[in-house]
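Participant: Submitted below is the structure of interest, expressed as structure tokens.
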Amino acid sequence: MSSMLRAALLLAAMALPITASGAGAPAPRLPAYVVHAAADPARKGQAADDARRHGPEIVAFTGLRPGGKVLDLIPGAAYWTRLFAKTVGPRGHVYGVWPKAYADEAHQNVVDYEALGHTADFANVSGSVEPTDQLTVPVRVDLVFTAQNYHDYPDKFMGNLDPSVFNKAAFAALKPGGVLLIIDHAAQAGSGMRDTDTLHRIDPAIVRKQVVAAGFRFAGESRLLANPADDHSKAVFDKTIRGHTDQFIYKFVKPLR
């Protein structure tokens, strides 16, 4: 048994410390298809990050299944895209989308992502650059996912956009019953969007309020990336906290009706 598969099977035996809205929820085990996705040899360059980023557990939390369709917003170096692609398999698809303002800042990521979609291992991946105030995909998807990017929308380089632009577009892109999952760096309680452009953080309460206002139902949270030792006062790039920020993981669902 390979070390990668052994590690993935160990993850399968671990519980997910997920808290549903208002109460503790039993911790489900990782589905077998997530275990196999995590163990896929095509991920060997990024699988070492799984313990820190809790990728397999978070994918399980989204409820994504084989054959699913995903919109991965601002996918960066494609850590999440690779895991999603292997989870949904050849019948599914991952659409990586960059708002133009962000693509202009991360040009090489966009180039690398396009190349990824032309490989045999990730033929179910495609990327696009969209106008910054828009977000579209060719088909309605099962999951809209964004990690550490929601806080960027109100910032100067993104045109000081109201996050409602993203929330409404995500709602339209999802199938009824689809999931919006947001991961971001937590700011001090009550700070709203004050720290988005300086500390690159956002108050979880304002995110929940904004997303629910767009028509979503709050479906729970996971504390996999929580860090009580982070007092939310430092910029996320500060060397004393970088890679260890307190992050919230919020799950929202588009109602069936």
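Following the order of the structure tokens, chains are lettered A, B, ..., residues in each are numbered from 1, and ligands are numbered from 1.
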Excluding same-chain residues fewer than 2 positions from region 115-120 of chain A, what lies within 10 Å of it counting only C-alpha atoms, as JSON, numbers by chain?
Facilitator: {"A": [42, 78, 81, 82, 94, 95, 96, 109, 110, 111, 112, 113, 122, 123, 124, 125, 126, 127]}
Participant: As a compact mmCIF listing (two decimals) with all heavy atoms, in the first residue's frame, please: the residues near Asp195 (chain A) (cut-off 10 Å, only C-alpha atoms, same-chain neighbours under 4 positions excluded).
Facilitator:
```txt
# COMPACT_ATOMS: atom_id res chain seq x y z
N HIS A 151 -13.44 38.22 0.73
CA HIS A 151 -13.09 39.54 1.30
C HIS A 151 -12.50 40.49 0.25
O HIS A 151 -12.40 41.70 0.51
CB HIS A 151 -12.09 39.38 2.46
CG HIS A 151 -10.70 39.05 2.02
ND1 HIS A 151 -10.24 37.75 1.89
CD2 HIS A 151 -9.67 39.85 1.64
CE1 HIS A 151 -8.98 37.77 1.47
NE2 HIS A 151 -8.61 39.03 1.31
N ASP A 155 -12.59 45.50 -2.11
CA ASP A 155 -11.30 46.17 -2.11
C ASP A 155 -11.07 46.97 -3.39
O ASP A 155 -11.70 46.75 -4.42
CB ASP A 155 -10.17 45.15 -1.91
CG ASP A 155 -10.21 44.53 -0.52
OD1 ASP A 155 -10.94 45.06 0.33
OD2 ASP A 155 -9.50 43.54 -0.30
N ALA A 186 -10.98 35.21 9.33
CA ALA A 186 -11.90 35.90 10.22
C ALA A 186 -11.31 37.22 10.73
O ALA A 186 -10.13 37.29 11.11
CB ALA A 186 -12.25 35.01 11.41
N ALA A 187 -12.15 38.24 10.75
CA ALA A 187 -11.81 39.53 11.36
C ALA A 187 -12.49 39.62 12.72
O ALA A 187 -13.27 38.75 13.11
CB ALA A 187 -12.27 40.68 10.46
N GLN A 188 -12.19 40.68 13.44
CA GLN A 188 -12.78 40.88 14.76
C GLN A 188 -14.29 40.98 14.66
O GLN A 188 -14.83 41.57 13.73
CB GLN A 188 -12.20 42.13 15.42
CG GLN A 188 -10.72 42.00 15.76
CD GLN A 188 -10.12 43.28 16.32
OE1 GLN A 188 -10.71 44.35 16.22
NE2 GLN A 188 -8.94 43.16 16.91
N SER A 191 -16.63 44.01 13.17
CA SER A 191 -15.83 44.87 12.30
C SER A 191 -16.39 44.97 10.88
O SER A 191 -15.93 45.79 10.09
CB SER A 191 -14.38 44.37 12.24
OG SER A 191 -14.32 43.07 11.67
N LEU A 199 -6.11 44.18 6.49
CA LEU A 199 -5.69 42.92 7.11
C LEU A 199 -6.07 41.71 6.25
O LEU A 199 -5.67 40.60 6.55
CB LEU A 199 -6.34 42.78 8.49
CG LEU A 199 -6.11 43.91 9.48
CD1 LEU A 199 -6.74 43.58 10.84
CD2 LEU A 199 -4.61 44.20 9.65
N HIS A 200 -6.86 41.93 5.21
CA HIS A 200 -7.35 40.85 4.33
C HIS A 200 -8.20 39.86 5.12
O HIS A 200 -8.12 38.65 4.93
CB HIS A 200 -6.19 40.16 3.61
CG HIS A 200 -5.37 41.12 2.80
ND1 HIS A 200 -5.74 41.53 1.54
CD2 HIS A 200 -4.23 41.79 3.11
CE1 HIS A 200 -4.85 42.41 1.09
NE2 HIS A 200 -3.93 42.59 2.01
N ARG A 201 -9.03 40.41 5.97
CA ARG A 201 -9.95 39.64 6.81
C ARG A 201 -11.35 40.22 6.67
O ARG A 201 -11.52 41.37 6.24
CB ARG A 201 -9.53 39.73 8.29
CG ARG A 201 -8.17 39.14 8.63
CD ARG A 201 -7.84 39.43 10.09
NE ARG A 201 -6.57 38.90 10.54
CZ ARG A 201 -6.41 37.71 11.10
NH1 ARG A 201 -7.46 36.92 11.28
NH2 ARG A 201 -5.21 37.30 11.50
N ILE A 202 -12.35 39.42 7.08
CA ILE A 202 -13.72 39.89 7.07
C ILE A 202 -14.47 39.25 8.23
O ILE A 202 -14.20 38.11 8.62
CB ILE A 202 -14.41 39.58 5.71
CG1 ILE A 202 -15.74 40.32 5.59
CG2 ILE A 202 -14.56 38.08 5.48
CD1 ILE A 202 -16.30 40.33 4.17
N ASP A 203 -15.39 40.01 8.81
CA ASP A 203 -16.19 39.53 9.93
C ASP A 203 -17.13 38.43 9.44
O ASP A 203 -17.94 38.66 8.52
CB ASP A 203 -16.99 40.71 10.50
CG ASP A 203 -17.82 40.35 11.71
OD1 ASP A 203 -17.85 39.17 12.11
OD2 ASP A 203 -18.46 41.28 12.26
N HIS A 232 -6.99 38.11 15.53
CA HIS A 232 -7.60 38.84 14.40
C HIS A 232 -7.05 40.25 14.23
O HIS A 232 -7.63 41.04 13.48
CB HIS A 232 -9.13 38.91 14.56
CG HIS A 232 -9.79 37.60 14.76
ND1 HIS A 232 -10.98 37.45 15.44
CD2 HIS A 232 -9.43 36.35 14.37
CE1 HIS A 232 -11.33 36.17 15.47
NE2 HIS A 232 -10.40 35.49 14.83
N SER A 233 -5.95 40.56 14.86
CA SER A 233 -5.41 41.92 14.79
C SER A 233 -4.31 42.09 13.75
O SER A 233 -3.94 43.22 13.42
CB SER A 233 -4.86 42.35 16.16
OG SER A 233 -3.73 41.56 16.52
N LYS A 234 -3.77 40.97 13.23
CA LYS A 234 -2.65 41.04 12.30
C LYS A 234 -3.11 40.78 10.87
O LYS A 234 -4.05 40.03 10.63
CB LYS A 234 -1.58 40.01 12.67
CG LYS A 234 -0.93 40.21 14.04
CD LYS A 234 0.15 39.16 14.26
CE LYS A 234 0.85 39.36 15.59
NZ LYS A 234 -0.06 39.03 16.73
N ALA A 235 -2.42 41.37 9.92
CA ALA A 235 -2.65 41.06 8.52
C ALA A 235 -2.33 39.59 8.28
O ALA A 235 -1.41 39.03 8.90
CB ALA A 235 -1.79 41.94 7.62
```
Participant: Can you pull out every residue within 6 Å of Arg140 (chain A), counting only C-alpha atoms, but drop anything in the same chain fewer than 5 positions away, and send it as a short mmCIF file (atom, residue, chain, number, x, y, z; two decimals) with N, CA and C atoms, in the first residue's frame?
Facilitator:
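Once everything was written out, this is part.cif:
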```cif
data_model
loop_
_atom_site.label_atom_id
_atom_site.label_comp_id
_atom_site.auth_asym_id
_atom_site.auth_seq_id
_atom_site.Cartn_x
_atom_site.Cartn_y
_atom_site.Cartn_z
N ALA A 173 -25.91 30.83 -10.55
CA ALA A 173 -25.08 29.77 -11.15
C ALA A 173 -25.39 28.39 -10.60
N LEU A 174 -26.04 28.33 -9.44
CA LEU A 174 -26.28 27.05 -8.78
C LEU A 174 -27.60 26.42 -9.18
N LYS A 175 -27.61 25.10 -9.19
CA LYS A 175 -28.85 24.36 -9.29
C LYS A 175 -29.65 24.55 -8.00
#
```
Participant: Among the residues of region 19-247 of chain A, find those DSSP assigns to helix (DSSP H, G or I) from the backbone and print them as a PyMOL selection string.
Facilitator: chain A and resi 32-38+41-43+47-53+55-62+79-88+100-105+107-116+120-122+150-152+156-158+164-173+204-213
Participant: Report, in Å to a single decimal, how far apart CA of Pro138 (chain A) and CA of Pro41 (chain A) are.
Facilitator: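 So the two atoms, CA of Pro41 (chain A) and CA of Pro138 (chain A), lie 29.2 Å apart.
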Participant: Of the candidates A:Ala219, A:Glu130, A:Val35, A:Gly67, which shows the shortest atom-to-atom distance to Gly55 (chain A), using only C-alpha atoms?
Facilitator: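 Of A:Ala219, A:Glu130, A:Val35, A:Gly67, the one nearest Gly55 (chain A), counting only C-alpha atoms, is A:Val35.
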Participant: List every residue of region 67-156 of chain A that DSSP, applied to the backbone, labels as strand (DSSP E or B), and write the result as a PyMOL selection string.
Facilitator: chain A and resi 69-73+93-99+125-130+141-147
Participant: With N, CA, C and O atoms retained, could you export that selection as an mmCIF file, in the first residue's frame?
Facilitator:
```cif
data_model
loop_
_atom_site.group_PDB
_atom_site.id
_atom_site.type_symbol
_atom_site.label_atom_id
_atom_site.label_comp_id
_atom_site.auth_asym_id
_atom_site.auth_seq_id
_atom_site.Cartn_x
_atom_site.Cartn_y
_atom_site.Cartn_z
ATOM 1 N N LYS A 69 -20.860 19.152 -10.764
ATOM 2 C CA LYS A 69 -20.278 20.302 -11.460
ATOM 3 C C LYS A 69 -19.912 21.362 -10.424
ATOM 4 O O LYS A 69 -20.684 21.631 -9.498
ATOM 5 N N VAL A 70 -18.722 21.957 -10.589
ATOM 6 C CA VAL A 70 -18.188 22.887 -9.602
ATOM 7 C C VAL A 70 -17.735 24.174 -10.268
ATOM 8 O O VAL A 70 -17.094 24.147 -11.322
ATOM 9 N N LEU A 71 -18.040 25.301 -9.640
ATOM 10 C CA LEU A 71 -17.433 26.583 -9.998
ATOM 11 C C LEU A 71 -16.426 26.900 -8.903
ATOM 12 O O LEU A 71 -16.810 27.156 -7.750
ATOM 13 N N ASP A 72 -15.152 26.857 -9.245
ATOM 14 C CA ASP A 72 -14.078 27.171 -8.303
ATOM 15 C C ASP A 72 -13.638 28.607 -8.579
ATOM 16 O O ASP A 72 -12.962 28.883 -9.570
ATOM 17 N N LEU A 73 -14.030 29.537 -7.702
ATOM 18 C CA LEU A 73 -13.742 30.954 -7.918
ATOM 19 C C LEU A 73 -12.323 31.292 -7.489
ATOM 20 O O LEU A 73 -11.930 31.032 -6.362
ATOM 21 N N HIS A 93 -17.397 18.105 -13.849
ATOM 22 C CA HIS A 93 -16.563 19.153 -14.431
ATOM 23 C C HIS A 93 -16.284 20.220 -13.385
ATOM 24 O O HIS A 93 -17.105 20.487 -12.506
ATOM 25 N N VAL A 94 -15.097 20.823 -13.505
ATOM 26 C CA VAL A 94 -14.717 21.948 -12.647
ATOM 27 C C VAL A 94 -14.439 23.149 -13.535
ATOM 28 O O VAL A 94 -13.599 23.085 -14.439
ATOM 29 N N TYR A 95 -15.159 24.226 -13.266
ATOM 30 C CA TYR A 95 -14.979 25.481 -13.990
ATOM 31 C C TYR A 95 -14.225 26.455 -13.086
ATOM 32 O O TYR A 95 -14.766 26.915 -12.074
ATOM 33 N N GLY A 96 -12.993 26.739 -13.430
ATOM 34 C CA GLY A 96 -12.224 27.726 -12.683
ATOM 35 C C GLY A 96 -12.470 29.105 -13.262
ATOM 36 O O GLY A 96 -12.314 29.303 -14.473
ATOM 37 N N VAL A 97 -12.872 30.053 -12.424
ATOM 38 C CA VAL A 97 -13.236 31.380 -12.911
ATOM 39 C C VAL A 97 -12.444 32.449 -12.163
ATOM 40 O O VAL A 97 -12.395 32.456 -10.932
ATOM 41 N N TRP A 98 -11.833 33.347 -12.933
ATOM 42 C CA TRP A 98 -11.163 34.518 -12.370
ATOM 43 C C TRP A 98 -11.915 35.783 -12.764
ATOM 44 O O TRP A 98 -12.153 36.004 -13.974
ATOM 45 N N PRO A 99 -12.275 36.651 -11.836
ATOM 46 C CA PRO A 99 -12.661 38.004 -12.220
ATOM 47 C C PRO A 99 -11.446 38.681 -12.868
ATOM 48 O O PRO A 99 -10.305 38.457 -12.448
ATOM 49 N N VAL A 125 -11.449 19.814 -16.455
ATOM 50 C CA VAL A 125 -11.215 21.145 -15.884
ATOM 51 C C VAL A 125 -11.134 22.167 -17.015
ATOM 52 O O VAL A 125 -10.498 21.917 -18.037
ATOM 53 N N SER A 126 -11.781 23.298 -16.833
ATOM 54 C CA SER A 126 -11.641 24.393 -17.792
ATOM 55 C C SER A 126 -11.650 25.711 -17.034
ATOM 56 O O SER A 126 -12.256 25.830 -15.980
ATOM 57 N N GLY A 127 -10.938 26.694 -17.582
ATOM 58 C CA GLY A 127 -10.823 27.980 -16.919
ATOM 59 C C GLY A 127 -11.314 29.113 -17.780
ATOM 60 O O GLY A 127 -11.352 29.004 -19.015
ATOM 61 N N SER A 128 -11.701 30.222 -17.139
ATOM 62 C CA SER A 128 -12.129 31.401 -17.878
ATOM 63 C C SER A 128 -11.880 32.649 -17.045
ATOM 64 O O SER A 128 -11.790 32.587 -15.818
ATOM 65 N N VAL A 129 -11.761 33.771 -17.745
ATOM 66 C CA VAL A 129 -11.642 35.076 -17.102
ATOM 67 C C VAL A 129 -12.914 35.848 -17.422
ATOM 68 O O VAL A 129 -13.312 35.952 -18.580
ATOM 69 N N GLU A 130 -13.575 36.365 -16.390
ATOM 70 C CA GLU A 130 -14.856 37.037 -16.546
ATOM 71 C C GLU A 130 -14.718 38.513 -16.175
ATOM 72 O O GLU A 130 -13.835 38.881 -15.394
ATOM 73 N N VAL A 141 -24.416 24.652 -11.674
ATOM 74 C CA VAL A 141 -23.479 23.768 -10.973
ATOM 75 C C VAL A 141 -24.051 23.317 -9.626
ATOM 76 O O VAL A 141 -25.030 23.867 -9.129
ATOM 77 N N ASP A 142 -23.389 22.306 -9.068
ATOM 78 C CA ASP A 142 -23.780 21.772 -7.760
ATOM 79 C C ASP A 142 -23.084 22.502 -6.616
ATOM 80 O O ASP A 142 -23.585 22.493 -5.487
ATOM 81 N N LEU A 143 -21.930 23.100 -6.920
ATOM 82 C CA LEU A 143 -21.134 23.748 -5.885
ATOM 83 C C LEU A 143 -20.465 24.991 -6.430
ATOM 84 O O LEU A 143 -19.837 24.943 -7.494
ATOM 85 N N VAL A 144 -20.617 26.097 -5.727
ATOM 86 C CA VAL A 144 -19.790 27.284 -5.942
ATOM 87 C C VAL A 144 -18.880 27.394 -4.724
ATOM 88 O O VAL A 144 -19.354 27.391 -3.580
ATOM 89 N N PHE A 145 -17.598 27.470 -4.985
ATOM 90 C CA PHE A 145 -16.602 27.403 -3.912
ATOM 91 C C PHE A 145 -15.641 28.571 -4.019
ATOM 92 O O PHE A 145 -15.156 28.895 -5.107
ATOM 93 N N THR A 146 -15.355 29.197 -2.892
ATOM 94 C CA THR A 146 -14.317 30.225 -2.865
ATOM 95 C C THR A 146 -13.573 30.174 -1.542
ATOM 96 O O THR A 146 -14.179 30.113 -0.477
ATOM 97 N N ALA A 147 -12.262 30.170 -1.621
ATOM 98 C CA ALA A 147 -11.423 30.100 -0.429
ATOM 99 C C ALA A 147 -10.531 31.338 -0.353
ATOM 100 O O ALA A 147 -9.718 31.576 -1.246
#
```
Participant: Would you kindly return, as a ChimeraX atom specification, each protein, DNA or RNA residue with an atom no farther than 9 Å from any atom of Val212 (chain A), considering only C-alpha atoms and excluding same-chain residues fewer than 6 positions away?
Facilitator: /A:167,218,252
